[in-house]
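Raw target_39.pdb, PDB, C-alpha atoms:
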```
ATOM      1  CA  MET A   1     195.861 154.102 348.975
ATOM      2  CA  GLU A   2     194.567 156.184 346.098
ATOM      3  CA  LYS A   3     195.192 159.871 346.567
ATOM      4  CA  ILE A   4     192.169 162.005 345.707
ATOM      5  CA  LEU A   5     191.974 165.775 345.797
ATOM      6  CA  LYS A   6     188.468 167.206 345.907
ATOM      7  CA  GLU A   7     187.339 170.768 345.909
ATOM      8  CA  ASN A   8     183.930 172.127 346.702
ATOM      9  CA  ARG A   9     183.794 175.875 346.754
ATOM     10  CA  GLN A  10     180.540 177.696 347.160
ATOM     11  CA  GLY A  11     178.600 177.431 343.913
ATOM     12  CA  GLU A  12     181.350 175.450 342.110
ATOM     13  CA  ARG A  13     181.225 171.879 340.922
ATOM     14  CA  MET A  14     183.255 169.166 342.625
ATOM     15  CA  MET A  15     186.588 168.416 340.934
ATOM     16  CA  GLN A  16     188.837 165.534 341.915
ATOM     17  CA  ILE A  17     192.287 164.353 340.949
ATOM     18  CA  ARG A  18     192.521 160.556 340.898
ATOM     19  CA  LYS A  19     194.742 157.842 339.505
ATOM     20  CA  MET A  20     194.065 157.009 335.888
ATOM     21  CA  THR A  21     192.697 153.590 334.953
ATOM     22  CA  MET A  22     192.333 151.911 331.580
ATOM     23  CA  ALA A  23     188.585 152.526 331.803
ATOM     24  CA  ASP A  24     189.498 156.206 331.240
ATOM     25  CA  TYR A  25     191.257 155.592 327.924
ATOM     26  CA  GLU A  26     188.527 156.644 325.472
ATOM     27  CA  ASN A  27     187.869 159.849 327.420
ATOM     28  CA  ILE A  28     191.522 160.825 327.767
ATOM     29  CA  TYR A  29     192.177 160.121 324.093
ATOM     30  CA  ALA A  30     189.233 162.374 323.173
ATOM     31  CA  LEU A  31     190.636 165.020 325.525
ATOM     32  CA  TRP A  32     194.073 164.857 323.871
ATOM     33  CA  MET A  33     192.429 165.183 320.456
ATOM     34  CA  SER A  34     190.657 168.364 321.612
ATOM     35  CA  CYS A  35     193.945 170.073 322.555
ATOM     36  CA  THR A  36     196.333 171.776 320.165
ATOM     37  CA  GLY A  37     200.016 171.238 320.862
ATOM     38  CA  VAL A  38     199.710 167.545 321.766
ATOM     39  CA  GLY A  39     201.716 165.043 319.720
ATOM     40  CA  LEU A  40     200.370 161.499 319.534
ATOM     41  CA  ASN A  41     201.203 158.399 317.531
ATOM     42  CA  ASN A  42     199.384 155.243 316.584
ATOM     43  CA  LEU A  43     201.596 152.888 318.644
ATOM     44  CA  ASP A  44     202.490 154.491 321.976
ATOM     45  CA  ASP A  45     199.140 156.240 322.323
ATOM     46  CA  SER A  46     196.972 153.328 321.223
ATOM     47  CA  LYS A  47     194.901 151.591 323.869
ATOM     48  CA  GLU A  48     197.525 148.843 324.038
ATOM     49  CA  GLY A  49     200.378 151.348 324.295
ATOM     50  CA  ILE A  50     198.738 153.310 327.105
ATOM     51  CA  GLU A  51     197.839 150.087 328.909
ATOM     52  CA  LYS A  52     201.505 149.021 328.822
ATOM     53  CA  PHE A  53     202.550 152.454 330.145
ATOM     54  CA  LEU A  54     199.905 152.442 332.882
ATOM     55  CA  ASN A  55     200.842 148.919 333.995
ATOM     56  CA  ARG A  56     204.448 150.075 334.341
ATOM     57  CA  ASN A  57     203.512 153.377 336.039
ATOM     58  CA  PRO A  58     200.311 152.762 338.037
ATOM     59  CA  ASP A  59     201.010 155.395 340.703
ATOM     60  CA  THR A  60     202.027 158.357 338.521
ATOM     61  CA  CYS A  61     199.236 158.785 335.967
ATOM     62  CA  PHE A  62     196.329 161.018 336.973
ATOM     63  CA  VAL A  63     193.088 162.459 335.670
ATOM     64  CA  ALA A  64     191.105 165.482 336.788
ATOM     65  CA  GLU A  65     187.411 164.708 336.853
ATOM     66  CA  GLU A  66     184.404 166.948 337.355
ATOM     67  CA  ASP A  67     180.849 165.622 337.485
ATOM     68  CA  GLY A  68     182.006 162.327 335.981
ATOM     69  CA  ARG A  69     183.738 164.066 333.037
ATOM     70  CA  ILE A  70     187.505 163.875 332.573
ATOM     71  CA  ILE A  71     188.743 167.442 332.115
ATOM     72  CA  GLY A  72     192.480 166.915 332.611
ATOM     73  CA  VAL A  73     195.126 164.226 332.317
ATOM     74  CA  LEU A  74     198.821 163.810 333.073
ATOM     75  CA  LEU A  75     200.902 160.714 332.357
ATOM     76  CA  ALA A  76     204.203 160.314 334.157
ATOM     77  CA  GLY A  77     206.695 157.552 334.725
ATOM     78  CA  ASN A  78     210.216 157.044 335.906
ATOM     79  CA  ASP A  79     213.277 154.942 335.240
ATOM     80  CA  GLY A  80     214.201 154.680 338.921
ATOM     81  CA  ARG A  81     216.357 157.782 338.638
ATOM     82  CA  ARG A  82     214.398 160.474 336.792
ATOM     83  CA  GLY A  83     210.717 161.188 336.369
ATOM     84  CA  TYR A  84     209.254 161.951 332.948
ATOM     85  CA  ILE A  85     205.980 163.728 332.237
ATOM     86  CA  TYR A  86     203.977 163.040 329.082
ATOM     87  CA  HIS A  87     200.736 164.164 327.458
ATOM     88  CA  THR A  88     199.541 166.686 330.006
ATOM     89  CA  ALA A  89     196.290 168.259 328.877
ATOM     90  CA  VAL A  90     193.376 170.227 330.275
ATOM     91  CA  HIS A  91     190.185 170.561 328.264
ATOM     92  CA  PRO A  92     190.189 173.937 326.460
ATOM     93  CA  ASP A  93     186.938 174.969 328.196
ATOM     94  CA  CYS A  94     188.413 174.284 331.639
ATOM     95  CA  ARG A  95     191.762 176.055 331.458
ATOM     96  CA  ASN A  96     193.053 178.767 333.783
ATOM     97  CA  LYS A  97     191.288 177.249 336.797
ATOM     98  CA  GLY A  98     194.356 175.622 338.380
ATOM     99  CA  ILE A  99     193.581 172.110 337.106
ATOM    100  CA  GLY A 100     196.946 171.661 335.378
ATOM    101  CA  THR A 101     198.745 172.969 338.451
ATOM    102  CA  LYS A 102     196.905 170.490 340.670
ATOM    103  CA  LEU A 103     197.759 167.620 338.311
ATOM    104  CA  VAL A 104     201.441 168.606 338.279
ATOM    105  CA  ASN A 105     201.602 169.032 342.051
ATOM    106  CA  THR A 106     199.960 165.623 342.522
ATOM    107  CA  VAL A 107     202.389 163.844 340.193
ATOM    108  CA  MET A 108     205.422 165.633 341.631
ATOM    109  CA  GLN A 109     204.457 164.398 345.109
ATOM    110  CA  ALA A 110     203.888 160.870 343.763
ATOM    111  CA  LEU A 111     207.329 160.895 342.126
ATOM    112  CA  LYS A 112     208.927 162.276 345.285
ATOM    113  CA  ASP A 113     207.251 159.494 347.291
ATOM    114  CA  LEU A 114     208.912 157.011 344.911
ATOM    115  CA  GLY A 115     212.340 158.539 345.620
ATOM    116  CA  ILE A 116     212.641 160.434 342.335
ATOM    117  CA  ASN A 117     214.661 163.659 342.655
ATOM    118  CA  LYS A 118     214.305 165.271 339.222
ATOM    119  CA  THR A 119     211.649 165.325 336.515
ATOM    120  CA  ALA A 120     211.902 166.115 332.803
ATOM    121  CA  LEU A 121     209.466 166.648 329.956
ATOM    122  CA  VAL A 122     209.379 167.594 326.291
ATOM    123  CA  VAL A 123     207.207 170.363 324.834
ATOM    124  CA  PHE A 124     207.002 171.291 321.168
ATOM    125  CA  LYS A 125     208.584 174.717 320.552
ATOM    126  CA  ARG A 126     205.419 175.836 318.742
ATOM    127  CA  ASN A 127     203.255 175.076 321.798
ATOM    128  CA  GLU A 128     203.470 178.558 323.303
ATOM    129  CA  SER A 129     200.785 178.079 325.952
ATOM    130  CA  GLY A 130     202.301 174.746 327.007
ATOM    131  CA  ASN A 131     205.776 176.243 327.312
ATOM    132  CA  ALA A 132     204.417 179.176 329.318
ATOM    133  CA  PHE A 133     202.597 176.774 331.659
ATOM    134  CA  TRP A 134     205.668 174.617 332.286
ATOM    135  CA  GLU A 135     207.829 177.666 332.930
ATOM    136  CA  LYS A 136     205.254 178.909 335.439
ATOM    137  CA  MET A 137     205.430 175.476 337.105
ATOM    138  CA  GLY A 138     209.197 175.886 337.588
ATOM    139  CA  PHE A 139     210.455 173.730 334.710
ATOM    140  CA  THR A 140     213.440 175.420 333.094
ATOM    141  CA  GLU A 141     214.449 175.137 329.469
ATOM    142  CA  ARG A 142     217.789 173.441 328.900
ATOM    143  CA  HIS A 143     220.088 174.996 326.299
ATOM    144  CA  ASP A 144     223.062 172.724 326.978
ATOM    145  CA  ILE A 145     221.595 169.500 325.581
ATOM    146  CA  SER A 146     220.116 168.246 322.338
ATOM    147  CA  TYR A 147     217.094 165.975 322.455
ATOM    148  CA  ARG A 148     217.441 163.043 320.087
ATOM    149  CA  ASN A 149     215.381 159.958 319.340
ATOM    150  CA  ARG A 150     215.426 157.019 316.987
ATOM    151  CA  ILE A 151     212.336 155.189 315.815
ATOM    152  CA  ILE A 152     212.479 151.423 316.275
ATOM    153  CA  ASN A 153     209.035 150.586 314.845
ATOM    154  CA  GLU A 154     207.478 152.739 312.152
ATOM    155  CA  MET A 155     204.629 154.817 313.492
ATOM    156  CA  ILE A 156     202.157 157.401 312.333
ATOM    157  CA  ARG A 157     202.402 160.744 314.166
ATOM    158  CA  TYR A 158     199.476 163.002 314.916
ATOM    159  CA  ASP A 159     200.654 166.493 315.828
ATOM    160  CA  LEU A 160     197.640 168.474 316.923
TER     161      LEU A 160
END
```

What is this structure when it is put down as structure tokens?
Amino acid sequence: MEKILKENRQGERMMQIRKMTMADYENIYALWMSCTGVGLNNLDDSKEGIEKFLNRNPDTCFVAEEDGRIIGVLLAGNDGRRGYIYHTAVHPDCRNKGIGTKLVNTVMQALKDLGINKTALVVFKRNESGNAFWEKMGFTERHDISYRNRIINEMIRYDL
């Protein structure tokens, strides 16, 4: 059953949180491109890359939609042990309205329902607003580990 969160306050537009589908790809990619602090690449974030991710994680990727317009997105997955959050974004014109918080709360419940006990994410150091948001959401910065990666296939990065 698809979980949908709708709000209808007096005089405000209806906003819903729903599971992401591949039909949303063009709109979420445009949303990511409108947000500073997001890091994308031509392989993982291509339509094919997101489709592969969504097929593997159909119950933990969500969009926030208002009047048919996608105004927020959060991709998350898990390895059976830990949850991982990727590419969370809220349109710059729609920030500070609780949309990001609702997306995070929705995905945290979805991960909990899957038996996941801990969730991690990566935020660029220079993304001050993103780091402030994640701290407010209860995600602590780890100082006892070093994040490392190794590229298998050459890719082009787009750091916005």

Next on the checklist: Around the point (188.9, 156.6, 333.9) (coordinates from the file), which residues reach within 10 Å if we count all atoms listed in the file? Answer as a list in words.
Outcome noted: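 Residues with an atom close enough to that point: Arg18, Lys19, Met20, Thr21, Met22, Ala23, Asp24, Tyr25, Glu26, Asn27, Ile28, Phe62, Val63, Ala64, Glu65, Gly68, Arg69, Ile70 and Val73 of chain A.
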
Neighbour list for Thr101 of chain A as a tab-separated table (two decimals) with C-alpha atoms, keeping the file's coordinate frame, cut-off 9 Å, all atoms listed in the file, skip fewer than 5 positions in-chain:
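Wrote selection_0.tsv, looks like this:
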```
chain	number	residue	atom	x	y	z
A	106	THR	CA	199.96	165.62	342.52
A	133	PHE	CA	202.60	176.77	331.66
A	137	MET	CA	205.43	175.48	337.10
```

Quick one: which residues end up in the PyMOL selection byres ((chain A and resi 87-97) around 10) for this structure, as a PDB file with C-alpha atoms, in the coordinates of the input?
```
ATOM      1  CA  ILE A  28     191.522 160.825 327.767  1.00  0.00           C
ATOM      2  CA  ALA A  30     189.233 162.374 323.173  1.00  0.00           C
ATOM      3  CA  LEU A  31     190.636 165.020 325.525  1.00  0.00           C
ATOM      4  CA  TRP A  32     194.073 164.857 323.871  1.00  0.00           C
ATOM      5  CA  MET A  33     192.429 165.183 320.456  1.00  0.00           C
ATOM      6  CA  SER A  34     190.657 168.364 321.612  1.00  0.00           C
ATOM      7  CA  CYS A  35     193.945 170.073 322.555  1.00  0.00           C
ATOM      8  CA  THR A  36     196.333 171.776 320.165  1.00  0.00           C
ATOM      9  CA  GLY A  37     200.016 171.238 320.862  1.00  0.00           C
ATOM     10  CA  VAL A  38     199.710 167.545 321.766  1.00  0.00           C
ATOM     11  CA  GLY A  39     201.716 165.043 319.720  1.00  0.00           C
ATOM     12  CA  LEU A  40     200.370 161.499 319.534  1.00  0.00           C
ATOM     13  CA  ASP A  45     199.140 156.240 322.323  1.00  0.00           C
ATOM     14  CA  CYS A  61     199.236 158.785 335.967  1.00  0.00           C
ATOM     15  CA  PHE A  62     196.329 161.018 336.973  1.00  0.00           C
ATOM     16  CA  VAL A  63     193.088 162.459 335.670  1.00  0.00           C
ATOM     17  CA  ALA A  64     191.105 165.482 336.788  1.00  0.00           C
ATOM     18  CA  ILE A  70     187.505 163.875 332.573  1.00  0.00           C
ATOM     19  CA  ILE A  71     188.743 167.442 332.115  1.00  0.00           C
ATOM     20  CA  GLY A  72     192.480 166.915 332.611  1.00  0.00           C
ATOM     21  CA  VAL A  73     195.126 164.226 332.317  1.00  0.00           C
ATOM     22  CA  LEU A  74     198.821 163.810 333.073  1.00  0.00           C
ATOM     23  CA  LEU A  75     200.902 160.714 332.357  1.00  0.00           C
ATOM     24  CA  ALA A  76     204.203 160.314 334.157  1.00  0.00           C
ATOM     25  CA  ILE A  85     205.980 163.728 332.237  1.00  0.00           C
ATOM     26  CA  TYR A  86     203.977 163.040 329.082  1.00  0.00           C
ATOM     27  CA  GLY A  98     194.356 175.622 338.380  1.00  0.00           C
ATOM     28  CA  ILE A  99     193.581 172.110 337.106  1.00  0.00           C
ATOM     29  CA  GLY A 100     196.946 171.661 335.378  1.00  0.00           C
ATOM     30  CA  THR A 101     198.745 172.969 338.451  1.00  0.00           C
ATOM     31  CA  LYS A 102     196.905 170.490 340.670  1.00  0.00           C
ATOM     32  CA  LEU A 103     197.759 167.620 338.311  1.00  0.00           C
ATOM     33  CA  VAL A 104     201.441 168.606 338.279  1.00  0.00           C
ATOM     34  CA  LEU A 121     209.466 166.648 329.956  1.00  0.00           C
ATOM     35  CA  VAL A 122     209.379 167.594 326.291  1.00  0.00           C
ATOM     36  CA  VAL A 123     207.207 170.363 324.834  1.00  0.00           C
ATOM     37  CA  GLY A 130     202.301 174.746 327.007  1.00  0.00           C
ATOM     38  CA  PHE A 133     202.597 176.774 331.659  1.00  0.00           C
TER      39      PHE A 133
END
```

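For the pair atom CA of Thr119 of chain A and atom CA of Ile151 of chain A, the interatomic distance is 23.1 Å.
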
Checklist entry - At what distance in Å, to one decimal, does atom CA of Trp134 of chain A lie from atom CA of Met15 of chain A? => result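 Going from atom CA of Met15 of chain A over to atom CA of Trp134 of chain A covers 21.8 Å.
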
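One finds atom CA of Gln109 of chain A at 26.0 Å from atom CA of Tyr147 of chain A.
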
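Shortest atom-to-atom contact with Asp44 of chain A among A:Thr60, A:Leu160, A:Gly83, A:Glu154: A:Glu154, counting only C-alpha atoms.
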